[in-house]
Each structure stands twice: as C-alpha cells, then as structure tokens.
>>> print(open('query-v1.pdb').read())   # PDB, C-alpha atoms and all ligand atoms
ATOM      1  CA  MET A1233      32.486  56.756  15.315
ATOM      2  CA  ALA A1234      29.781  59.370  15.567
ATOM      3  CA  ASN A1235      26.835  59.546  13.191
ATOM      4  CA  SER A1236      27.804  56.521  11.149
ATOM      5  CA  LYS A1237      25.086  54.502   9.499
ATOM      6  CA  PHE A1238      25.929  51.721  11.937
ATOM      7  CA  GLU A1239      25.061  53.667  15.039
ATOM      8  CA  TYR A1240      21.448  52.529  15.093
ATOM      9  CA  VAL A1241      22.634  49.253  16.635
ATOM     10  CA  ARG A1242      22.944  51.056  19.971
ATOM     11  CA  ASN A1243      19.152  50.971  20.137
ATOM     12  CA  PHE A1244      19.371  47.236  20.700
ATOM     13  CA  GLU A1245      20.985  47.772  24.092
ATOM     14  CA  VAL A1246      18.529  47.400  26.940
ATOM     15  CA  VAL A1247      18.277  49.881  29.781
ATOM     16  CA  ASP A1248      18.862  48.166  33.107
ATOM     17  CA  LYS A1249      18.747  51.049  35.556
ATOM     18  CA  CYS A1250      17.884  49.921  39.086
ATOM     19  CA  LEU A1251      14.617  51.290  40.460
ATOM     20  CA  PRO A1252      15.162  54.499  42.464
ATOM     21  CA  ASN A1253      15.049  54.459  46.244
ATOM     22  CA  CYS A1254      15.752  50.733  46.587
ATOM     23  CA  TRP A1255      18.650  49.016  48.277
ATOM     24  CA  ILE A1256      20.833  47.455  45.592
ATOM     25  CA  VAL A1257      22.311  44.126  46.588
ATOM     26  CA  VAL A1258      25.025  42.558  44.459
ATOM     27  CA  ARG A1259      25.725  38.955  45.436
ATOM     28  CA  LEU A1260      28.594  37.046  43.940
ATOM     29  CA  ASP A1261      29.338  33.358  44.382
ATOM     30  CA  GLY A1262      32.263  31.130  43.414
ATOM     31  CA  LYS A1263      31.680  29.038  40.307
ATOM     32  CA  ASN A1264      31.900  25.340  41.065
ATOM     33  CA  PHE A1265      33.766  25.893  44.320
ATOM     34  CA  HIS A1266      32.874  22.398  45.364
ATOM     35  CA  ARG A1267      35.517  21.321  42.885
ATOM     36  CA  PHE A1268      37.767  24.353  43.366
ATOM     37  CA  SER A1269      37.978  23.723  47.131
ATOM     38  CA  ASP A1270      38.791  20.038  46.561
ATOM     39  CA  ASP A1271      41.393  20.764  43.888
ATOM     40  CA  HIS A1272      43.153  23.216  46.201
ATOM     41  CA  GLU A1273      42.779  20.960  49.242
ATOM     42  CA  PHE A1274      40.831  23.438  51.366
ATOM     43  CA  VAL A1275      40.599  22.469  55.038
ATOM     44  CA  LYS A1276      37.139  21.029  55.741
ATOM     45  CA  PRO A1277      34.627  22.273  56.689
ATOM     46  CA  ASN A1278      36.215  25.753  56.891
ATOM     47  CA  ASP A1279      39.480  26.946  55.456
ATOM     48  CA  ASP A1280      40.551  30.185  57.153
ATOM     49  CA  ARG A1281      42.893  31.009  54.275
ATOM     50  CA  ALA A1282      40.048  30.850  51.784
ATOM     51  CA  LEU A1283      37.740  32.894  54.032
ATOM     52  CA  ASP A1284      40.460  35.510  54.578
ATOM     53  CA  LEU A1285      41.028  35.751  50.835
ATOM     54  CA  MET A1286      37.296  36.291  50.280
ATOM     55  CA  LYS A1287      37.352  39.037  52.946
ATOM     56  CA  LYS A1288      40.418  40.701  51.442
ATOM     57  CA  SER A1289      38.830  40.680  47.979
ATOM     58  CA  ALA A1290      35.580  42.111  49.374
ATOM     59  CA  GLU A1291      37.522  44.861  51.142
ATOM     60  CA  ASN A1292      39.092  45.800  47.800
ATOM     61  CA  VAL A1293      35.614  46.051  46.292
ATOM     62  CA  MET A1294      34.405  48.309  49.123
ATOM     63  CA  ASN A1295      37.419  50.571  48.815
ATOM     64  CA  GLU A1296      36.540  51.050  45.153
ATOM     65  CA  PHE A1297      32.768  51.260  45.664
ATOM     66  CA  LYS A1298      32.396  53.711  48.535
ATOM     67  CA  ASP A1299      28.587  53.601  48.346
ATOM     68  CA  VAL A1300      28.604  50.044  49.682
ATOM     69  CA  VAL A1301      27.261  50.441  53.228
ATOM     70  CA  ILE A1302      27.666  46.843  54.358
ATOM     71  CA  ALA A1303      28.957  43.603  52.873
ATOM     72  CA  TYR A1304      28.285  40.115  54.177
ATOM     73  CA  GLY A1305      30.239  37.006  53.249
ATOM     74  CA  GLN A1306      30.251  33.287  54.018
ATOM     75  CA  SER A1307      31.513  30.191  52.209
ATOM     76  CA  ASP A1308      32.219  31.163  48.572
ATOM     77  CA  GLU A1309      29.800  34.106  48.455
ATOM     78  CA  PHE A1310      29.721  37.816  49.257
ATOM     79  CA  SER A1311      26.813  40.259  49.205
ATOM     80  CA  PHE A1312      27.402  43.992  48.769
ATOM     81  CA  VAL A1313      24.691  46.461  49.711
ATOM     82  CA  LEU A1314      24.771  49.811  47.911
ATOM     83  CA  LYS A1315      23.031  52.735  49.565
ATOM     84  CA  LYS A1316      19.517  53.484  48.337
ATOM     85  CA  THR A1317      20.511  56.817  46.850
ATOM     86  CA  THR A1318      23.635  55.712  45.014
ATOM     87  CA  THR A1319      24.060  57.253  41.580
ATOM     88  CA  GLN A1320      27.141  55.245  40.692
ATOM     89  CA  PHE A1321      27.108  54.166  37.022
ATOM     90  CA  SER A1322      23.660  55.792  36.873
ATOM     91  CA  ARG A1323      22.462  52.744  38.849
ATOM     92  CA  ARG A1324      22.955  50.493  35.806
ATOM     93  CA  ALA A1325      22.663  46.947  37.147
ATOM     94  CA  SER A1326      24.963  45.183  34.695
ATOM     95  CA  LYS A1327      27.629  47.881  34.987
ATOM     96  CA  LEU A1328      27.608  47.734  38.811
ATOM     97  CA  MET A1329      27.517  43.974  38.992
ATOM     98  CA  SER A1330      30.117  43.219  36.331
ATOM     99  CA  ASN A1331      32.570  45.754  37.737
ATOM    100  CA  MET A1332      32.206  44.397  41.244
ATOM    101  CA  VAL A1333      32.505  40.764  40.201
ATOM    102  CA  SER A1334      35.529  41.324  38.008
ATOM    103  CA  LEU A1335      37.330  43.384  40.677
ATOM    104  CA  PHE A1336      36.530  40.711  43.249
ATOM    105  CA  SER A1337      37.834  37.914  40.974
ATOM    106  CA  SER A1338      41.039  39.696  40.077
ATOM    107  CA  SER A1339      41.631  40.560  43.756
ATOM    108  CA  PHE A1340      41.102  36.910  44.669
ATOM    109  CA  VAL A1341      43.850  35.910  42.245
ATOM    110  CA  TYR A1342      46.056  38.927  43.046
ATOM    111  CA  HIS A1343      46.099  38.158  46.793
ATOM    112  CA  TRP A1344      46.126  34.356  46.475
ATOM    113  CA  LYS A1345      49.828  34.005  47.304
ATOM    114  CA  ASP A1346      49.496  36.306  50.342
ATOM    115  CA  VAL A1347      47.264  33.777  52.076
ATOM    116  CA  PHE A1348      47.951  30.467  50.330
ATOM    117  CA  ASP A1349      51.696  31.027  50.255
ATOM    118  CA  HIS A1350      53.293  28.221  48.201
ATOM    119  CA  VAL A1351      50.026  26.434  47.327
ATOM    120  CA  PRO A1352      49.792  26.899  43.560
ATOM    121  CA  LEU A1353      46.642  28.340  42.035
ATOM    122  CA  LEU A1354      45.831  25.586  39.537
ATOM    123  CA  TYR A1355      43.442  27.480  37.252
ATOM    124  CA  PRO A1356      41.629  30.828  37.148
ATOM    125  CA  PRO A1357      38.599  30.895  39.463
ATOM    126  CA  ALA A1358      35.348  32.520  38.368
ATOM    127  CA  PHE A1359      32.447  34.092  40.255
ATOM    128  CA  ASP A1360      28.869  34.628  39.182
ATOM    129  CA  GLY A1361      26.969  37.767  40.093
ATOM    130  CA  ARG A1362      23.381  38.917  40.454
ATOM    131  CA  VAL A1363      21.579  42.098  41.394
ATOM    132  CA  VAL A1364      18.552  42.112  43.679
ATOM    133  CA  LEU A1365      16.596  45.212  44.709
ATOM    134  CA  TYR A1366      14.992  45.553  48.113
ATOM    135  CA  PRO A1367      12.446  48.342  48.585
ATOM    136  CA  SER A1368      12.275  48.405  52.389
ATOM    137  CA  ASP A1369      14.778  48.332  55.238
ATOM    138  CA  GLN A1370      12.983  45.285  56.609
ATOM    139  CA  ASN A1371      13.376  43.471  53.262
ATOM    140  CA  LEU A1372      17.093  44.247  53.312
ATOM    141  CA  ARG A1373      17.512  43.053  56.894
ATOM    142  CA  ASP A1374      15.563  39.888  56.073
ATOM    143  CA  TYR A1375      17.848  39.300  53.087
ATOM    144  CA  LEU A1376      20.974  39.580  55.250
ATOM    145  CA  SER A1377      19.341  37.435  57.953
ATOM    146  CA  TRP A1378      18.606  34.806  55.312
ATOM    147  CA  ARG A1379      22.270  34.657  54.275
ATOM    148  CA  GLN A1380      23.476  34.510  57.899
ATOM    149  CA  ALA A1381      20.951  31.806  58.780
ATOM    150  CA  ASP A1382      22.202  29.874  55.741
ATOM    151  CA  CYS A1383      25.768  30.214  57.054
ATOM    152  CA  HIS A1384      24.720  28.819  60.429
ATOM    153  CA  ILE A1385      22.687  25.925  59.019
ATOM    154  CA  ASN A1386      25.437  24.868  56.593
ATOM    155  CA  ASN A1387      28.203  25.253  59.156
ATOM    156  CA  LEU A1388      26.384  23.160  61.753
ATOM    157  CA  TYR A1389      25.698  20.453  59.170
ATOM    158  CA  ASN A1390      29.228  20.526  57.740
ATOM    159  CA  THR A1391      30.834  20.439  61.194
ATOM    160  CA  CYS A1392      28.822  17.295  62.014
ATOM    161  CA  PHE A1393      29.450  15.733  58.615
ATOM    162  CA  TRP A1394      33.225  16.198  58.678
ATOM    163  CA  SER A1395      33.498  15.141  62.339
ATOM    164  CA  LEU A1396      31.736  11.899  61.445
ATOM    165  CA  VAL A1397      33.948  11.358  58.388
ATOM    166  CA  GLN A1398      37.308  12.565  59.710
ATOM    167  CA  ASP A1399      37.075  11.663  63.415
ATOM    168  CA  ALA A1400      34.603   8.774  63.566
ATOM    169  CA  GLY A1401      35.713   7.084  60.338
ATOM    170  CA  CYS A1402      32.238   7.110  58.745
ATOM    171  CA  SER A1403      31.962   6.939  54.988
ATOM    172  CA  PRO A1404      30.488  10.125  53.444
ATOM    173  CA  LYS A1405      27.371   8.116  52.597
ATOM    174  CA  ASP A1406      26.939   6.868  56.195
ATOM    175  CA  ALA A1407      27.527  10.348  57.586
ATOM    176  CA  GLU A1408      24.876  11.741  55.246
ATOM    177  CA  GLU A1409      22.477   8.987  56.297
ATOM    178  CA  LYS A1410      23.078   9.677  60.004
ATOM    179  CA  LEU A1411      22.313  13.372  59.591
ATOM    180  CA  LYS A1412      19.264  12.979  57.382
ATOM    181  CA  GLY A1413      16.161  14.563  58.956
ATOM    182  CA  SER A1414      18.034  15.666  62.097
ATOM    183  CA  PHE A1415      17.137  18.923  63.853
ATOM    184  CA  SER A1416      19.612  21.577  65.016
ATOM    185  CA  SER A1417      19.294  20.315  68.593
ATOM    186  CA  ASP A1418      20.188  16.768  67.438
ATOM    187  CA  LYS A1419      23.296  18.054  65.674
ATOM    188  CA  ASN A1420      24.404  20.102  68.700
ATOM    189  CA  GLU A1421      23.906  17.024  70.875
ATOM    190  CA  LEU A1422      25.814  14.773  68.460
ATOM    191  CA  LEU A1423      28.785  17.157  68.395
ATOM    192  CA  PHE A1424      28.841  17.410  72.166
ATOM    193  CA  SER A1425      28.272  13.786  73.136
ATOM    194  CA  GLN A1426      30.314  12.094  70.404
ATOM    195  CA  PHE A1427      33.083  14.618  69.762
ATOM    196  CA  GLY A1428      33.172  16.825  72.894
ATOM    197  CA  ILE A1429      32.519  19.885  70.734
ATOM    198  CA  ASN A1430      30.417  22.723  72.134
ATOM    199  CA  TYR A1431      29.167  24.256  68.884
ATOM    200  CA  ASN A1432      28.760  27.707  70.450
ATOM    201  CA  THR A1433      32.464  27.918  71.215
ATOM    202  CA  LEU A1434      33.585  27.301  67.621
ATOM    203  CA  PRO A1435      35.106  30.333  65.821
ATOM    204  CA  GLU A1436      32.616  33.143  65.215
ATOM    205  CA  MET A1437      33.887  33.595  61.658
ATOM    206  CA  HIS A1438      32.705  30.053  60.871
ATOM    207  CA  ARG A1439      29.362  30.327  62.675
ATOM    208  CA  LYS A1440      28.408  33.887  61.738
ATOM    209  CA  GLY A1441      30.320  34.715  58.571
ATOM    210  CA  SER A1442      32.020  38.064  57.904
ATOM    211  CA  VAL A1443      30.417  41.490  58.128
ATOM    212  CA  LEU A1444      32.295  44.386  56.534
ATOM    213  CA  ILE A1445      31.304  47.918  57.493
ATOM    214  CA  TRP A1446      32.892  51.371  57.543
ATOM    215  CA  GLU A1447      34.349  52.754  60.741
ATOM    216  CA  MET A1448      35.899  56.128  61.438
ATOM    217  CA  LYS A1449      39.484  55.691  62.517
ATOM    218  CA  ASP A1450      42.144  58.219  63.456
ATOM    219  CA  GLU A1451      44.904  58.392  60.878
ATOM    220  CA  ILE A1452      48.130  60.068  61.950
ATOM    221  CA  THR A1453      50.371  61.645  59.332
ATOM    222  CA  LEU A1454      53.562  63.616  59.815
ATOM    223  CA  GLN A1455      53.713  67.033  58.239
ATOM    224  CA  PRO A1456      56.915  69.119  57.929
ATOM    225  CA  GLN A1457      56.875  72.451  59.764
ATOM    226  CA  ALA A1458      56.883  75.660  57.796
ATOM    227  CA  LYS A1459      60.467  76.575  56.795
ATOM    228  CA  THR A1460      60.216  79.932  58.544
ATOM    229  CA  SER A1461      59.785  78.523  62.070
ATOM    230  CA  ALA A1462      63.001  77.498  63.846
ATOM    231  CA  VAL A1463      63.261  73.828  64.763
ATOM    232  CA  SER A1464      63.717  73.205  68.497
ATOM    233  CA  ASP A1465      62.737  70.688  71.175
ATOM    234  CA  THR A1466      59.351  72.347  71.581
ATOM    235  CA  ASN A1467      58.986  72.952  67.849
ATOM    236  CA  PRO A1468      60.057  69.716  66.053
ATOM    237  CA  ALA A1469      60.730  69.526  62.326
ATOM    238  CA  GLN A1470      57.550  67.529  61.800
ATOM    239  CA  ARG A1471      54.192  67.654  63.511
ATOM    240  CA  GLU A1472      51.477  65.054  63.793
ATOM    241  CA  ILE A1473      48.233  65.650  61.979
ATOM    242  CA  ILE A1474      45.292  63.505  63.075
ATOM    243  CA  ARG A1475      42.534  63.019  60.549
ATOM    244  CA  GLN A1476      39.380  60.932  60.762
ATOM    245  CA  ARG A1477      39.273  58.403  57.939
ATOM    246  CA  ARG A1478      36.622  55.924  56.876
ATOM    247  CA  ARG A1479      38.138  52.457  56.968
ATOM    248  CA  VAL A1480      36.674  49.042  56.239
ATOM    249  CA  THR A1481      36.423  46.905  59.333
ATOM    250  CA  CYS A1482      35.502  43.235  59.579
ATOM    251  CA  LEU A1483      33.219  41.825  62.268
ATOM    252  CA  HIS A1484      31.975  38.308  62.938
ATOM    253  CA  VAL A1485      28.742  39.157  64.698
ATOM    254  CA  ASP A1486      25.031  38.436  64.669
ATOM    255  CA  ILE A1487      23.206  40.657  62.173
ATOM    256  CA  ILE A1488      19.810  38.980  62.590
ATOM    257  CA  ARG A1489      18.872  40.521  65.937
ATOM    258  CA  ASP A1490      18.324  44.244  66.569
ATOM    259  CA  ASP A1491      21.519  44.795  68.618
ATOM    260  CA  PHE A1492      23.793  45.178  65.623
ATOM    261  CA  TRP A1493      21.445  47.614  63.860
ATOM    262  CA  ASN A1494      20.905  49.694  67.012
ATOM    263  CA  LYS A1495      24.663  49.922  67.424
ATOM    264  CA  HIS A1496      25.207  50.971  63.792
ATOM    265  CA  PRO A1497      22.217  53.161  62.843
ATOM    266  CA  GLU A1498      24.303  54.877  60.130
ATOM    267  CA  ILE A1499      24.124  51.786  57.906
ATOM    268  CA  LEU A1500      20.394  52.080  57.237
ATOM    269  CA  SER A1501      20.077  55.845  57.699
ATOM    270  CA  GLY A1502      22.671  56.495  55.003
ATOM    271  CA  THR A1503      24.552  59.152  56.985
TER     272      THR A1503
HETATM  273  P1  LIG B   1      27.938  26.933  41.945
HETATM  274  O1  LIG B   1      27.966  28.024  42.968
HETATM  275  O2  LIG B   1      26.558  26.569  41.579
HETATM  276  O3  LIG B   1      28.810  27.195  40.762
HETATM  277  O4  LIG B   1      28.574  25.610  42.632
HETATM  278  P2  LIG B   1      29.435  25.491  43.967
HETATM  279  O5  LIG B   1      30.134  24.178  43.922
HETATM  280  O6  LIG B   1      30.299  26.686  44.154
HETATM  281  O7  LIG B   1      28.325  25.420  45.092
HETATM  282  P3  LIG B   1      27.941  26.387  46.284
HETATM  283  O8  LIG B   1      28.301  27.806  46.007
HETATM  284  O9  LIG B   1      26.506  26.128  46.596
HETATM  285  O10 LIG B   1      28.793  25.827  47.498
HETATM  286  C1  LIG B   1      30.044  26.279  47.863
HETATM  287  C2  LIG B   1      31.068  25.161  47.815
HETATM  288  O11 LIG B   1      32.330  25.678  48.173
HETATM  289  C3  LIG B   1      30.765  24.018  48.779
HETATM  290  O12 LIG B   1      30.904  22.794  48.088
HETATM  291  C4  LIG B   1      31.836  24.090  49.827
HETATM  292  C5  LIG B   1      32.937  24.873  49.153
HETATM  293  N1  LIG B   1      33.611  25.732  50.127
HETATM  294  C6  LIG B   1      33.411  27.035  50.350
HETATM  295  N2  LIG B   1      34.197  27.460  51.368
HETATM  296  C7  LIG B   1      34.900  26.410  51.783
HETATM  297  C8  LIG B   1      35.891  26.210  52.801
HETATM  298  O13 LIG B   1      36.290  27.124  53.543
HETATM  299  N3  LIG B   1      36.400  24.952  52.939
HETATM  300  C9  LIG B   1      35.990  23.941  52.139
HETATM  301  N4  LIG B   1      36.521  22.743  52.314
HETATM  302  N5  LIG B   1      35.072  24.075  51.173
HETATM  303  C10 LIG B   1      34.544  25.300  50.997
HETATM  304 MG    MG B   2      29.483  28.565  44.452
HETATM  305 MG    MG B   3      25.032  26.847  43.863
HETATM  306 MG    MG B   4      27.983  29.374  47.480
HETATM  307 MG    MG B   5      35.109  51.703  28.160
END
>>> encode(input="query-v1.pdb", output="structure tokens")
Amino acid sequence: MANSKFEYVRNFEVVDKCLPNCWIVVRLDGKNFHRFSDDHEFVKPNDDRALDLMKKSAENVMNEFKDVVIAYGQSDEFSFVLKKTTTQFSRRASKLMSNMVSLFSSSFVYHWKDVFDHVPLLYPPAFDGRVVLYPSDQNLRDYLSWRQADCHINNLYNTCFWSLVQDAGCSPKDAEEKLKGSFSSDKNELLFSQFGINYNTLPEMHRKGSVLIWEMKDEITLQPQAKTSAVSDTNPAQREIIRQRRRVTCLHVDIIRDDFWNKHPEILSGT
C-alpha cells in the first residue's frame, strides 16, 4: 500500500548492507545436533549419510548462489564464501543469510530419504546462521584454516573417545578422563597401540571435511540436424554439442597449506 499513513514504519528497519570489498562468509550450524544425531542414531563418530546430506544441501545452495566461490563443511556446519564483489541482494546480510539457511534446511529435509532411506525423520531440523566479513585474503584463508583445524582436532578426539567406549568397553566418563590433557601425538599413539588404527589412513572426508568448489566440465548435448540436410551415415540425425559448464565439485583436501590455493588461484582472484 503506497503512501499510506502507516508507511513510516519502514523507517524502523535497519540497513544491514555488508561492507564493500570484503569476503562475505555465511556459516550455518545444526541446532542441537548433539540430540538430533542421537535421536536418529547417527554412526559415531562420523555418519557418512549425514555428511553426504550436508554436502548435497550445500551443493543446492551453491547452485542457487552462484557468487559462492568456495564452501567448507564438517560435522553439522557449512561455511559459504561469497565473492568480494557480489551484489546479490544488494549485499544485505540478513537477506543473504536467511535465504541460504532456509534453502539449506529445506534441502536437508527434501533429500533426507535419498540418503537415510527408511530411517524416519522424527522432527524438523533447524540450522542457525551468521555472517562474518573478512577484509583480506589472508583473513579468509585463516578463517577456513580455523574451521579445518577444528575438524581435525574434533575428529581425532572423537575417534579416540568412541574407540575407547565402543571397542575397549570404557564408560564415557572414563574415556573422557583418559583423554583429558592429552596431546595430538598421545592420541595418535593411543589409536595405533591400543586399536591398531593409523589415524592418517582414516577417510579424508572425516579428517579434512568437505570442500566444494566450481570446476569447468564438458557437457555433451544432442542437437537435431537442420531439416534441410539429408540424414546419412556421415550426417546423423543428431550431432553432439560440447559446452563447458561450471559444476560444483566436492574435494576432501587440505586447505590450510598453500598447495590448494596455488592449484586453484581463481577462488581468490574472482575470475
Ligand atoms: P548448537 O550448535 O549449539 O545448537 O548445539 P549442537 O549440539 O549442534 O553442538 P555442535 O554444533 O557444537 O556439535 C555438533 C554435534 O553434532 C555434536 O554433538 C556431534 C553431532 N554430529 C555431527 N555430525 C555427526 C556425525 O556424523 N555423527 C554423529 N554421531 N554425530 C554427529
Ligand atoms: Mg550444532
Ligand atoms: Mg555449539
Ligand atoms: Mg557444529
Ligand atoms: Mg517477498
């Protein structure tokens, strides 16, 4: 309703445009997934179905938000990095974040049965979301390194904890006590000597998390020939057209060291 006497209330809305020239990171995280994972009997410490569902939902978000240059996920969280120059939703933080979180949540529910098959979804899951701005490339890399280091630290701890509980018959309290104050080297040693597990050979998805980026892939489509040309062995009714398409691809690699960034300079350069 234009020009009504009520319209002044719009002035109460706050402007939340993200600062220009900064990387926009949207991180979402499952609400109370400690309980959600128990209620749905997730495999401990890592449930590949749950991780695949997170990846699938994140891929949906990237396909809708083409300005996302990289996404990183582990456990019940995913971070989406929008390019510095994005103008989507006029860079309004709440608009970007709420759209991404709601699309992620609905995708999580939509694809549930594809990965969990007959396991019923007992109640609607929720995800929180936040927006963080990073002014420099180094800040952004440090942010992603922080999340990947967190993945590693938690996975090493959880692998030890659940080995002690499930394989050595410790109570959760005893397992916690055993691991208190231990260093990474102690945990690696414990896994190897007590359980014959070489931590470095465990699945990369569990140790490194999931990195979603764009890759150019050939896409072949069949196109009918023009009606005027006669169909023959050398001139079939359809011909192949090869186009280069941007497609989301998932990697389970180290993003802390320089190798990854040297291999994919387009992520930071925005080309
Ligand atoms: P929040 O985020 O404050 O609402 O609370 P939570 O409970 O979601 O806590 P958070 O996000 O710090 O920790 C993630 C929880 O999700 C953690 O308790 C372990 C659980 N979780 C995530 N992925 C898996 C999985 O693949 N398998 C199992 N068993 N649990 C998982
Ligand atoms: Mg959570
Ligand atoms: Mg939390
Ligand atoms: Mg979490
Ligand atoms: Mg509307």
>>> closest_residue(input="query-v1.pdb", among="A:Val1351, A:Ser1395, A:Ser1326, A:Ile1385", to="Glu1245 (chain A)", atoms="all atoms listed in the file")
A:Ser1326
>>> residues_around(input="query-v1.pdb", residues="region 1487-1503 of chain A", least_positions_apart="4", cutoff="10 Å", atoms="all atoms listed in the file", output="list of chain:residue names")
A:Trp1255, A:Asp1299, A:Val1300, A:Val1301, A:Ile1302, A:Tyr1304, A:Val1313, A:Leu1314, A:Lys1315, A:Lys1316, A:Thr1317, A:Asp1369, A:Leu1372, A:Arg1373, A:Asp1374, A:Tyr1375, A:Leu1376, A:Ser1377, A:Trp1378, A:Arg1379, A:Gln1380, A:Ala1381, A:Lys1440, A:Gly1441, A:Val1443, A:Ile1445, A:Trp1446, A:Glu1447
>>> residues_near_ligand(input="query-v1.pdb", ligand="ligand LIG 1 (chain B)", cutoff="9 Å", atoms="all atoms listed in the file", output="list in words")
Asp1261, Gly1262, Lys1263, Asn1264, Phe1265, His1266, Arg1267, Phe1268, Ser1269, Asp1270, Glu1273, Phe1274, Val1275, Lys1276, Pro1277, Asn1278, Asp1279, Asp1280, Arg1281, Ala1282, Leu1283, Gln1306, Ser1307, Asp1308, Glu1309, Ala1358, Phe1359, Asp1360 and His1438 of chain A
>>> resolve_selection(input="query-v1.pdb", expression="the PyMOL selection byres (((chain A and resi 1291) around 9) and not hetatm)", output="count of residues only")
16
>>> atom_distance(input="query-v1.pdb", atom1="CA of His1272 (chain A)", atom2="CA of Asn1331 (chain A)")
26.3 Å
>>> closest_residue(input="query-v1.pdb", among="A:Leu1285, A:Val1363, A:Val1246, A:Val1485", to="Met1437 (chain A)", atoms="only C-alpha atoms")
A:Val1485
>>> resolve_selection(input="query-v1.pdb", expression="the PyMOL selection byres (((chain A and resi 1354) around 8) and not hetatm)", output="list of chain:residue names")
A:Asp1271, A:His1272, A:Pro1352, A:Leu1353, A:Tyr1355, A:Pro1356
>>> atom_distance(input="query-v1.pdb", atom1="CA of Thr1433 (chain A)", atom2="CA of His1384 (chain A)")
13.3 Å
>>> atom_distance(input="query-v1.pdb", atom1="CA of Asn1253 (chain A)", atom2="CA of Arg1362 (chain A)")
18.6 Å
>>> residues_around(input="query-v1.pdb", residues="region 1414-1430 of chain A", least_positions_apart="5", cutoff="8 Å", atoms="only C-alpha atoms", output="ChimeraX atom specification")
/A:1388-1389,1392,1395
>>> closest_residue(input="query-v1.pdb", among="A:Glu1472, A:Glu1436, A:Asp1382, A:Asp1406", to="ligand MG 4 (chain B)", atoms="only C-alpha atoms and all ligand atoms")
A:Asp1382
>>> resolve_selection(input="query-v1.pdb", expression="the PyMOL selection byres (((chain A and resi 1407) around 12) and not hetatm)", output="number ranges by chain")
A: 1389-1406, 1408-1412, 1414, 1419, 1422
>>> residues_around(input="query-v1.pdb", residues="Pro1252 (chain A)", least_positions_apart="6", cutoff="10 Å", atoms="all atoms listed in the file", output="VMD selection string")
chain A and resid 1316 to 1319 1323 1365 1367
